[in-house]
Number of protein chains: 2
Amino acid sequence: MSRGEMIELRRDPLTGRMVVFASGRIGRPHDFSSAYKASPPESCPFCEGHEDQTPPETWALREGEPDGPGWRVRAVPNKYPVCEAHELIIETPLHDADLPDLAPAEVEEIIFAYRSRMEALAAQGWRYLALFKNHGHGAGASRAHPHAQLMGLRFVPPLVREELRIAQRAYQRSGRCIYCETIARELEDGERVIEADRSFLVWSPYGARVPLECWILPRRHQHDFVNISAEDIKALARALRRTLTRLRKLLSGLYAYNYYIHTSPLAPKIEATKLGYHWHLEILPRLGRLAGLEWGTGLYVNSVMPEEAARRLRAAL
Amino acid sequence: MSRGEMIELRRDPLTGRMVVFASGRIGRPHDFSSAYKASPPESCPFCEGHEDQTPPETWALREGEPDGPGWRVRAVPNKYPVCEAHELIIETPLHDADLPDLAPAEVEEIIFAYRSRMEALAAQGWRYLALFKNHGHGAGASRAHPHAQLMGLRFVPPLVREELRIAQRAYQRSGRCIYCETIARELEDGERVIEADRSFLVWSPYGARVPLECWILPRRHQHDFVNISAEDIKALARALRRTLTRLRKLLSGLYAYNYYIHTSPLAPKIEATKLGYHWHLEILPRLGRLAGLEWGTGLYVNSVMPEEAARRLRAAL
């Protein structure tokens with residue numbers, strides 16, 4: 001079969017996921033064409049001046065009184081919670097601005113807000129804090145206005161548990177953090193690296209699930225995102241803003257993504273993960289939909305190899 | 001928190017999946033409205049008279065010569081394969097007809113086609129046969145014309161491996177098939193049952209991932225779909241057609257679904273799963289998109305409890 005050589009099955013070493021790379025599928029025809037439109041800012045409860053349309057804020061970076069205008073980043077409880085502690089972090093008063101449109105200092109304030117709210121929830125005794133963001137209709141966002149979400153969970157969620165299991169097993173075997181080892185090897189190899197500075201590596205993982213998937217990892221071993229330093233907040237903001245700028249350049253009208261942080265569980269598990277786990281941020285551009293193959297088998301099918309994704313993302317800036 | 005009582009976390013006993021049921025989220029507002037359109041039959045390679053637009057057929061129920069008109073069900077290799085053996089089963093010459101539009105005998109022929117092609121691929125020595133169907137844009141279908149897909153894999157895919165692991169462990173503990181036990185318990189309880197006849201149970205599982213998820217299980221213990229009898233093909237066709245009719249009534253314009261069969265791996269594993277595994281067909285209506293929460297944590301969030309789903313599905317016919 002002539003297309004056979006374009007198919008490669010990979011098992012991702014950090015997550016255990018199985019991904020079929022089938023580059024021949026990238027040009028396949030589609031019967032369906034779709035379009036969507038977003039509501040205007042006038043009806044957006046997250047816009048400045050509409051503070052009375054959200055529950056009272058739990059935290060903000062602001063001038064002026066709570067629940068009035070003058071804020072730059074604002075945290076509020078989710079009116080439609082998935083769990084008991086479910087906050088929204090409204091990242092900017094600007095309805096249509098995504099991170100690439102903001103100044104570097106504004107993106108730093110967003111990362112600072114993530115850390116601040118995670119610190120606050122950590123003090124409430126949750127077992128795990130899940131921070132994630134949905135941007136755009138294609139990524140399952142229900143609201144267009146830029147916002148992240150933070151949930152306090154009583155348990156470690158399945159994907160993090162699986163990463164922890166793999167990392168602990170590697171640590172027991174080698175006495176080293178599997179993420180630190182991966183970072184060193186990927187930097188040396190370079191094929192999947194998008195960019196790196198002293199603090200962070202941005203790469204497309206060996207077992208990328210979707211075209212242009214990117215991960216951002218701190219180069220220095222750090223298991224818990226909440227311990228991020230002021231200097232690293234600055235560097236992470238820069239890496240995240242640059243990576244999203246690359247993605248937006250490549251995807252233009254299809255720009256939509258999810259990102260989320262994977263970090264250590266909280267006490268009592270935190271001690272056990274100190275040496276073997278390594279927090280990171282995963283960015284998933286959302287170009288397609290999962291279909292019966294993925295839902296039915298648990299395999300992912302990706303039409304763009306991470307080496308090709310990294311090449312394109314490097315060239316985009 | 002007043003919405004707390006609407007949140008329930010469940011772990012599905014057959015799959016190990018964790019699902020958060022949050023019924024308060026069903027009415028939450030969305031900024032995005034979307035629309036799509038499908039290509040017309042004239043440009044469809046699966047329509048009768050366009051047989052030259054697919055690779056030569058591997059099998060058909062037909063009058064007339066291969067690769068000409070006169071067929072009722074037709075199997076062809078996928079032009080954009082995900083693996084070495086990847087077939088499409090074109091279920092009807094009618095471009096716009098889904099199973100509820102077809103006569104019962106026509107749906108029986110479709111199930112017969114599934115069995116026939118799985119028998120043929122089983123003889124080629126694959127380790128697992130994955131049969132699935134995507135219907136509608138919302139379900140990730142690239143083609144509108146009704147078709148299922150069949151893949152021969154060299155390995156047991158992750159979700160089936162996990163079901164097998166759980167079933168084997170239960171069998172070792174109790175000496176009984178966990179699916180047979182579940183069927184008996186669910187029939188007695190009745191709350192999640194949609195319908196049942198002598199041959200099949202249709203129910204909404206305890207850990208349903210999406211609103212209106214339905215499973216169809218043979219009531220008699222049977223680990224391998226390929227062993228399905230002629231009588232059970234008839235009964236399965238009836239159950240599947242009726243269940244999709246219920247879903248279409250409830251979903252109308254949003255009608256889109258994936259379904260897939262989970263069955264025993266092939267030799268040498270088949271002997272080991274004879275007693276403890278139980279094939280079944282899972283139907284997933286696709287009303288929403290996964291977002292950062294699901295991609296980042298592996299949790300599913302479902303706004304409709306399966307007990308409520310079953311109630312509505314029972315009432316739909």
# chains A, B, ... in the order shown; residues from 1 in each chain; ligands from 1
call {"tool": "closest_atom_pairs", "arguments": {"of": "chain B", "to": "chain A", "cutoff": "7 Å", "atoms": "only C-alpha atoms", "output": "tab-separated table"}}
result
residue	atom	partner	partner_atom	distance
B:Gly4	CA	A:Glu84	CA	6.2
B:Ile7	CA	A:Cys83	CA	6.7
B:Ala22	CA	A:Val82	CA	5.8
B:Gly24	CA	A:Tyr80	CA	6.2
B:Arg25	CA	A:Tyr80	CA	5.3
B:Arg28	CA	A:Tyr80	CA	6.7
B:His30	CA	A:Ser142	CA	4.6
B:Asp31	CA	A:Ser39	CA	5.0
B:Phe32	CA	A:Ala38	CA	4.4
B:Ser33	CA	A:Tyr36	CA	5.4
B:Ser34	CA	A:Tyr36	CA	3.8
B:Ala35	CA	A:Ala35	CA	5.5
B:Tyr36	CA	A:Ser34	CA	3.8
B:Lys37	CA	A:Ser33	CA	5.5
B:Ala38	CA	A:Phe32	CA	4.4
B:Ser39	CA	A:Asp31	CA	4.9
B:Tyr80	CA	A:Arg25	CA	5.3
B:Val82	CA	A:Ala22	CA	5.8
B:Cys83	CA	A:Ile7	CA	6.7
B:Glu84	CA	A:Gly4	CA	6.2
B:Phe132	CA	A:Gly292	CA	5.6
B:Lys133	CA	A:Gly292	CA	6.0
B:Asn134	CA	A:Gly292	CA	5.7
B:His137	CA	A:Phe32	CA	6.4
B:Ala139	CA	A:Ala291	CA	5.7
B:Gly140	CA	A:Ala291	CA	4.8
B:Ala141	CA	A:Ala291	CA	6.9
B:Ser142	CA	A:His30	CA	4.6
B:Arg143	CA	A:Asp31	CA	5.1
B:Ala144	CA	A:Asp31	CA	6.2
B:Pro157	CA	A:Thr297	CA	5.3
B:Pro158	CA	A:Gly298	CA	5.3
B:Leu159	CA	A:Gly298	CA	5.2
B:Val160	CA	A:Thr297	CA	6.5
B:Asn258	CA	A:Gly292	CA	5.0
B:Tyr259	CA	A:Gly292	CA	6.3
B:Tyr260	CA	A:Gly296	CA	5.9
B:Arg289	CA	A:Gly140	CA	5.1
B:Leu290	CA	A:Gly140	CA	6.0
B:Ala291	CA	A:Gly140	CA	4.8
B:Gly292	CA	A:Asn258	CA	5.0
B:Leu293	CA	A:Phe132	CA	6.5
B:Gly296	CA	A:Tyr260	CA	5.9
B:Thr297	CA	A:Leu159	CA	5.2
B:Gly298	CA	A:Leu159	CA	5.2
B:Leu299	CA	A:Pro157	CA	6.6
call {"tool": "select_by_dssp", "arguments": {"residues": "segment 40-280 of chain A", "states": "strand (DSSP E)", "output": "PyMOL selection string"}}
result
chain A and resi 59-62+71-77+85-90+128-135+147-153+193-196+200-203+214-218+257-262+280
call {"tool": "write_last_selection", "arguments": {"atoms": "N, CA and C atoms", "output": "short mmCIF file (atom, residue, chain, number, x, y, z; two decimals), in the first residue's frame"}}
result
data_model
loop_
_atom_site.label_atom_id
_atom_site.label_comp_id
_atom_site.auth_asym_id
_atom_site.auth_seq_id
_atom_site.Cartn_x
_atom_site.Cartn_y
_atom_site.Cartn_z
N TRP A 59 -10.98 38.24 43.76
CA TRP A 59 -9.62 38.75 43.67
C TRP A 59 -9.56 39.60 42.41
N ALA A 60 -8.70 40.62 42.43
CA ALA A 60 -8.49 41.39 41.20
C ALA A 60 -7.19 42.17 41.27
N LEU A 61 -6.65 42.47 40.12
CA LEU A 61 -5.61 43.48 40.00
C LEU A 61 -6.34 44.71 39.49
N ARG A 62 -6.42 45.73 40.31
CA ARG A 62 -7.31 46.81 39.92
C ARG A 62 -7.00 48.15 40.56
N TRP A 71 -10.37 47.38 36.66
CA TRP A 71 -9.54 46.19 36.88
C TRP A 71 -8.74 45.84 35.62
N ARG A 72 -7.68 45.08 35.85
CA ARG A 72 -6.89 44.58 34.73
C ARG A 72 -7.06 43.06 34.58
N VAL A 73 -7.08 42.36 35.72
CA VAL A 73 -7.39 40.92 35.75
C VAL A 73 -8.35 40.74 36.92
N ARG A 74 -9.33 39.86 36.74
CA ARG A 74 -10.38 39.77 37.75
C ARG A 74 -10.84 38.31 37.88
N ALA A 75 -10.89 37.81 39.13
CA ALA A 75 -11.35 36.44 39.38
C ALA A 75 -12.74 36.46 39.99
N VAL A 76 -13.62 35.59 39.45
CA VAL A 76 -15.00 35.49 39.97
C VAL A 76 -15.40 34.01 40.00
N PRO A 77 -16.33 33.65 40.91
CA PRO A 77 -16.82 32.27 40.88
C PRO A 77 -17.57 32.00 39.57
N ALA A 85 -15.41 24.27 43.92
CA ALA A 85 -14.53 25.44 43.78
C ALA A 85 -14.20 25.60 42.30
N HIS A 86 -14.83 26.51 41.65
CA HIS A 86 -14.66 26.67 40.20
C HIS A 86 -14.68 28.16 39.88
N GLU A 87 -13.50 28.71 39.67
CA GLU A 87 -13.36 30.15 39.43
C GLU A 87 -13.06 30.46 37.98
N LEU A 88 -13.45 31.64 37.55
CA LEU A 88 -13.03 32.17 36.26
C LEU A 88 -12.02 33.28 36.50
N ILE A 89 -10.97 33.29 35.71
CA ILE A 89 -10.00 34.38 35.78
C ILE A 89 -10.14 35.17 34.48
N ILE A 90 -10.79 36.31 34.58
CA ILE A 90 -11.02 37.14 33.38
C ILE A 90 -9.72 37.89 33.14
N TYR A 128 -6.09 18.65 44.27
CA TYR A 128 -5.47 19.03 43.00
C TYR A 128 -6.13 20.30 42.48
N LEU A 129 -5.32 21.17 41.86
CA LEU A 129 -5.84 22.40 41.26
C LEU A 129 -5.67 22.31 39.75
N ALA A 130 -6.80 22.40 39.04
CA ALA A 130 -6.78 22.29 37.57
C ALA A 130 -7.00 23.67 36.98
N LEU A 131 -5.98 24.19 36.30
CA LEU A 131 -6.10 25.47 35.63
C LEU A 131 -6.09 25.24 34.12
N PHE A 132 -7.09 25.79 33.43
CA PHE A 132 -7.14 25.60 31.98
C PHE A 132 -7.82 26.79 31.33
N LYS A 133 -7.63 26.88 30.02
CA LYS A 133 -8.22 27.97 29.25
C LYS A 133 -8.74 27.44 27.92
N ASN A 134 -9.92 27.91 27.52
CA ASN A 134 -10.50 27.59 26.22
C ASN A 134 -10.59 28.89 25.44
N HIS A 135 -9.98 28.93 24.29
CA HIS A 135 -10.06 30.15 23.47
C HIS A 135 -10.66 29.83 22.11
N HIS A 147 -10.68 34.31 29.12
CA HIS A 147 -10.74 33.93 30.53
C HIS A 147 -10.16 32.53 30.70
N ALA A 148 -9.52 32.33 31.82
CA ALA A 148 -9.06 30.99 32.20
C ALA A 148 -10.00 30.47 33.29
N GLN A 149 -9.86 29.19 33.62
CA GLN A 149 -10.70 28.60 34.66
C GLN A 149 -9.82 27.84 35.63
N LEU A 150 -10.23 27.86 36.88
CA LEU A 150 -9.47 27.17 37.93
C LEU A 150 -10.43 26.36 38.78
N MET A 151 -10.13 25.07 38.93
CA MET A 151 -10.98 24.19 39.72
C MET A 151 -10.18 23.56 40.86
N GLY A 152 -10.78 23.52 42.02
CA GLY A 152 -10.21 22.76 43.14
C GLY A 152 -10.88 21.40 43.19
N LEU A 153 -10.08 20.35 43.12
CA LEU A 153 -10.63 18.98 43.09
C LEU A 153 -10.24 18.21 44.34
N VAL A 193 12.16 21.18 18.94
CA VAL A 193 12.24 22.41 19.75
C VAL A 193 11.68 23.59 18.96
N ILE A 194 10.83 24.36 19.59
CA ILE A 194 10.30 25.57 18.95
C ILE A 194 11.11 26.78 19.40
N GLU A 195 11.33 26.91 20.70
CA GLU A 195 12.27 27.91 21.18
C GLU A 195 12.69 27.55 22.60
N ALA A 196 13.78 28.15 23.04
CA ALA A 196 14.24 27.92 24.40
C ALA A 196 14.99 29.17 24.84
N PHE A 200 12.82 28.52 30.01
CA PHE A 200 11.78 27.63 29.50
C PHE A 200 12.14 27.02 28.15
N LEU A 201 11.66 25.79 27.98
CA LEU A 201 11.72 25.12 26.68
C LEU A 201 10.30 25.07 26.11
N VAL A 202 10.16 25.44 24.84
CA VAL A 202 8.90 25.25 24.13
C VAL A 202 9.16 24.20 23.05
N TRP A 203 8.38 23.13 23.06
CA TRP A 203 8.60 22.06 22.09
C TRP A 203 7.28 21.43 21.69
N CYS A 214 1.86 22.14 21.40
CA CYS A 214 3.09 22.68 22.00
C CYS A 214 3.06 22.53 23.52
N TRP A 215 4.21 22.24 24.09
CA TRP A 215 4.33 22.22 25.54
C TRP A 215 5.38 23.24 25.98
N ILE A 216 5.14 23.87 27.11
CA ILE A 216 6.13 24.77 27.69
C ILE A 216 6.56 24.19 29.03
N LEU A 217 7.88 23.96 29.19
CA LEU A 217 8.39 23.36 30.43
C LEU A 217 9.47 24.24 31.04
N PRO A 218 9.46 24.40 32.37
CA PRO A 218 10.57 25.10 33.02
C PRO A 218 11.82 24.24 32.89
N TYR A 257 -7.76 27.36 20.69
CA TYR A 257 -6.88 26.45 21.44
C TYR A 257 -7.40 26.24 22.85
N ASN A 258 -6.94 25.16 23.45
CA ASN A 258 -7.01 24.95 24.89
C ASN A 258 -5.60 24.94 25.42
N TYR A 259 -5.40 25.50 26.60
CA TYR A 259 -4.16 25.16 27.31
C TYR A 259 -4.48 24.87 28.75
N TYR A 260 -3.58 24.18 29.41
CA TYR A 260 -3.79 23.83 30.81
C TYR A 260 -2.44 23.56 31.42
N ILE A 261 -2.40 23.70 32.75
CA ILE A 261 -1.18 23.43 33.51
C ILE A 261 -1.31 22.06 34.17
N HIS A 262 -0.30 21.25 34.06
CA HIS A 262 -0.20 20.03 34.86
C HIS A 262 0.84 20.27 35.94
N HIS A 280 4.21 21.65 33.90
CA HIS A 280 4.33 22.15 32.52
C HIS A 280 2.98 22.65 32.03
#
call {"tool": "select_by_dssp", "arguments": {"residues": "segment 6-180 of chain A", "states": "alpha helix (DSSP H)", "output": "ChimeraX atom specification"}}
result
/A:104-122,158-174,178-180
call {"tool": "write_last_selection", "arguments": {"atoms": "N, CA, C and O atoms", "output": "compact mmCIF listing (two decimals), in the first residue's frame"}}
result
# COMPACT_ATOMS: atom_id res chain seq x y z
N PRO A 104 3.60 42.58 26.97
CA PRO A 104 4.24 41.55 27.81
C PRO A 104 3.91 41.72 29.30
O PRO A 104 3.62 40.74 29.99
N ALA A 105 3.90 42.95 29.79
CA ALA A 105 3.61 43.16 31.21
C ALA A 105 2.18 42.74 31.56
O ALA A 105 1.92 42.28 32.68
N GLU A 106 1.27 42.88 30.63
CA GLU A 106 -0.11 42.46 30.88
C GLU A 106 -0.21 40.93 30.95
O GLU A 106 -0.95 40.39 31.78
N VAL A 107 0.54 40.25 30.10
CA VAL A 107 0.53 38.78 30.15
C VAL A 107 1.18 38.30 31.46
O VAL A 107 0.73 37.33 32.06
N GLU A 108 2.21 39.01 31.91
CA GLU A 108 2.80 38.67 33.22
C GLU A 108 1.77 38.76 34.34
O GLU A 108 1.73 37.93 35.24
N GLU A 109 0.92 39.78 34.27
CA GLU A 109 -0.12 39.91 35.30
C GLU A 109 -1.10 38.75 35.26
O GLU A 109 -1.63 38.31 36.29
N ILE A 110 -1.36 38.24 34.06
CA ILE A 110 -2.25 37.07 33.94
C ILE A 110 -1.62 35.85 34.61
O ILE A 110 -2.28 35.14 35.38
N ILE A 111 -0.34 35.61 34.33
CA ILE A 111 0.34 34.47 34.97
C ILE A 111 0.40 34.67 36.48
O ILE A 111 0.19 33.73 37.26
N PHE A 112 0.66 35.91 36.88
CA PHE A 112 0.65 36.23 38.31
C PHE A 112 -0.72 35.92 38.92
O PHE A 112 -0.82 35.38 40.04
N ALA A 113 -1.78 36.22 38.18
CA ALA A 113 -3.14 35.92 38.66
C ALA A 113 -3.33 34.40 38.81
O ALA A 113 -3.89 33.94 39.81
N TYR A 114 -2.84 33.63 37.84
CA TYR A 114 -2.93 32.16 37.95
C TYR A 114 -2.28 31.70 39.26
O TYR A 114 -2.85 30.93 40.02
N ARG A 115 -1.05 32.19 39.48
CA ARG A 115 -0.34 31.75 40.68
C ARG A 115 -1.08 32.20 41.94
O ARG A 115 -1.23 31.42 42.89
N SER A 116 -1.56 33.43 41.94
CA SER A 116 -2.23 33.97 43.14
C SER A 116 -3.48 33.18 43.49
O SER A 116 -3.72 32.83 44.64
N ARG A 117 -4.29 32.88 42.48
CA ARG A 117 -5.52 32.15 42.76
C ARG A 117 -5.23 30.69 43.12
O ARG A 117 -5.94 30.08 43.92
N MET A 118 -4.19 30.12 42.53
CA MET A 118 -3.84 28.75 42.89
C MET A 118 -3.31 28.70 44.33
O MET A 118 -3.64 27.78 45.08
N GLU A 119 -2.56 29.71 44.70
CA GLU A 119 -2.11 29.81 46.10
C GLU A 119 -3.31 29.89 47.05
O GLU A 119 -3.35 29.21 48.08
N ALA A 120 -4.27 30.71 46.68
CA ALA A 120 -5.45 30.89 47.55
C ALA A 120 -6.23 29.58 47.67
O ALA A 120 -6.64 29.19 48.76
N LEU A 121 -6.43 28.89 46.55
CA LEU A 121 -7.18 27.64 46.61
C LEU A 121 -6.37 26.53 47.29
O LEU A 121 -6.96 25.66 47.94
N ALA A 122 -5.04 26.57 47.12
CA ALA A 122 -4.20 25.57 47.78
C ALA A 122 -4.42 25.60 49.29
O ALA A 122 -4.43 24.57 49.97
N PRO A 158 -7.54 11.88 36.17
CA PRO A 158 -6.94 10.72 35.50
C PRO A 158 -5.67 11.01 34.70
O PRO A 158 -4.69 10.27 34.83
N LEU A 159 -5.64 12.07 33.89
CA LEU A 159 -4.45 12.28 33.05
C LEU A 159 -3.23 12.67 33.87
O LEU A 159 -2.11 12.31 33.53
N VAL A 160 -3.45 13.41 34.94
CA VAL A 160 -2.33 13.78 35.81
C VAL A 160 -1.85 12.56 36.58
O VAL A 160 -0.64 12.32 36.74
N ARG A 161 -2.80 11.75 37.03
CA ARG A 161 -2.44 10.52 37.75
C ARG A 161 -1.57 9.63 36.89
O ARG A 161 -0.59 9.05 37.35
N GLU A 162 -1.91 9.55 35.60
CA GLU A 162 -1.14 8.70 34.69
C GLU A 162 0.26 9.28 34.48
O GLU A 162 1.25 8.54 34.49
N GLU A 163 0.38 10.59 34.31
CA GLU A 163 1.70 11.21 34.18
C GLU A 163 2.54 10.98 35.44
O GLU A 163 3.74 10.70 35.35
N LEU A 164 1.89 11.11 36.59
CA LEU A 164 2.61 10.91 37.86
C LEU A 164 3.11 9.47 37.97
O LEU A 164 4.24 9.23 38.39
N ARG A 165 2.27 8.53 37.57
CA ARG A 165 2.62 7.12 37.65
C ARG A 165 3.85 6.83 36.80
O ARG A 165 4.80 6.19 37.24
N ILE A 166 3.83 7.36 35.58
CA ILE A 166 4.97 7.15 34.67
C ILE A 166 6.22 7.84 35.21
O ILE A 166 7.32 7.26 35.19
N ALA A 167 6.06 9.05 35.73
CA ALA A 167 7.22 9.80 36.23
C ALA A 167 7.81 9.13 37.48
O ALA A 167 9.04 9.04 37.63
N GLN A 168 6.94 8.63 38.37
CA GLN A 168 7.43 7.99 39.60
C GLN A 168 8.19 6.71 39.26
O GLN A 168 9.21 6.40 39.85
N ARG A 169 7.65 5.98 38.30
CA ARG A 169 8.29 4.72 37.93
C ARG A 169 9.67 4.99 37.33
O ARG A 169 10.64 4.30 37.64
N ALA A 170 9.75 6.04 36.50
CA ALA A 170 11.05 6.40 35.90
C ALA A 170 12.01 6.86 37.00
O ALA A 170 13.20 6.52 36.98
N TYR A 171 11.47 7.60 37.97
CA TYR A 171 12.34 8.12 39.03
C TYR A 171 12.88 6.98 39.89
O TYR A 171 14.06 6.96 40.27
N GLN A 172 12.01 6.02 40.17
CA GLN A 172 12.46 4.87 40.97
C GLN A 172 13.55 4.07 40.24
O GLN A 172 14.45 3.53 40.86
N ARG A 173 13.43 4.05 38.92
CA ARG A 173 14.39 3.29 38.13
C ARG A 173 15.72 4.02 38.00
O ARG A 173 16.78 3.43 38.16
N SER A 174 15.64 5.33 37.69
CA SER A 174 16.88 6.04 37.32
C SER A 174 17.33 7.06 38.36
O SER A 174 18.43 7.60 38.25
N ILE A 178 12.09 12.34 34.78
CA ILE A 178 11.95 11.99 33.36
C ILE A 178 11.75 13.24 32.50
O ILE A 178 12.15 13.27 31.34
N TYR A 179 11.18 14.29 33.09
CA TYR A 179 11.00 15.54 32.34
C TYR A 179 12.34 16.25 32.16
O TYR A 179 12.64 16.74 31.07
N CYS A 180 13.13 16.30 33.23
CA CYS A 180 14.47 16.90 33.11
C CYS A 180 15.29 16.17 32.05
O CYS A 180 15.97 16.80 31.24
call {"tool": "atom_distance", "arguments": {"atom1": "atom CA of Tyr206 of chain B", "atom2": "atom CA of Asp232 of chain B"}}
result
25.1 Å
call {"tool": "closest_residue", "arguments": {"among": "A:Ile233, A:Leu244, A:Val226, A:Ala272", "to": "Ala256 of chain A", "atoms": "only C-alpha atoms"}}
result
A:Leu244
call {"tool": "atom_distance", "arguments": {"atom1": "atom CA of Arg185 of chain A", "atom2": "atom CA of Val210 of chain A"}}
result
22.3 Å
call {"tool": "closest_residue", "arguments": {"among": "A:Pro93, A:Pro45, A:Arg219, A:Arg154", "to": "Glu181 of chain A", "atoms": "only C-alpha atoms"}}
result
A:Arg219
call {"tool": "decode", "arguments": {"residues": "segment 27-57 of chain B", "atoms": "C-alpha atoms", "output": "PDB file, in the first residue's frame"}}
result
ATOM      1  CA  GLY B  27     -28.807  26.021  30.456  1.00  0.00           C
ATOM      2  CA  ARG B  28     -25.607  28.025  30.429  1.00  0.00           C
ATOM      3  CA  PRO B  29     -25.383  30.761  27.814  1.00  0.00           C
ATOM      4  CA  HIS B  30     -23.120  30.564  24.779  1.00  0.00           C
ATOM      5  CA  ASP B  31     -21.555  33.467  22.914  1.00  0.00           C
ATOM      6  CA  PHE B  32     -21.080  31.450  19.759  1.00  0.00           C
ATOM      7  CA  SER B  33     -23.701  30.361  17.291  1.00  0.00           C
ATOM      8  CA  SER B  34     -22.637  28.172  14.422  1.00  0.00           C
ATOM      9  CA  ALA B  35     -24.064  26.837  11.211  1.00  0.00           C
ATOM     10  CA  TYR B  36     -22.756  24.425   8.627  1.00  0.00           C
ATOM     11  CA  LYS B  37     -23.725  23.191   5.237  1.00  0.00           C
ATOM     12  CA  ALA B  38     -23.035  19.902   3.507  1.00  0.00           C
ATOM     13  CA  SER B  39     -21.996  19.315  -0.088  1.00  0.00           C
ATOM     14  CA  PRO B  40     -24.696  18.079  -2.491  1.00  0.00           C
ATOM     15  CA  PRO B  41     -24.899  14.457  -3.715  1.00  0.00           C
ATOM     16  CA  GLU B  42     -23.534  15.450  -7.143  1.00  0.00           C
ATOM     17  CA  SER B  43     -20.024  15.751  -5.712  1.00  0.00           C
ATOM     18  CA  CYS B  44     -20.298  12.708  -3.393  1.00  0.00           C
ATOM     19  CA  PRO B  45     -17.974   9.792  -4.249  1.00  0.00           C
ATOM     20  CA  PHE B  46     -20.147   7.384  -2.235  1.00  0.00           C
ATOM     21  CA  CYS B  47     -23.337   7.889  -4.274  1.00  0.00           C
ATOM     22  CA  GLU B  48     -24.591   5.343  -6.765  1.00  0.00           C
ATOM     23  CA  GLY B  49     -23.183   6.022 -10.209  1.00  0.00           C
ATOM     24  CA  HIS B  50     -19.936   7.427  -8.735  1.00  0.00           C
ATOM     25  CA  GLU B  51     -18.322   4.038  -8.093  1.00  0.00           C
ATOM     26  CA  ASP B  52     -15.274   5.045 -10.159  1.00  0.00           C
ATOM     27  CA  GLN B  53     -14.465   7.715  -7.559  1.00  0.00           C
ATOM     28  CA  THR B  54     -13.562   5.145  -4.889  1.00  0.00           C
ATOM     29  CA  PRO B  55     -10.894   2.436  -4.971  1.00  0.00           C
ATOM     30  CA  PRO B  56     -12.276  -0.883  -6.319  1.00  0.00           C
ATOM     31  CA  GLU B  57     -14.765  -2.487  -3.940  1.00  0.00           C
TER      32      GLU B  57
END
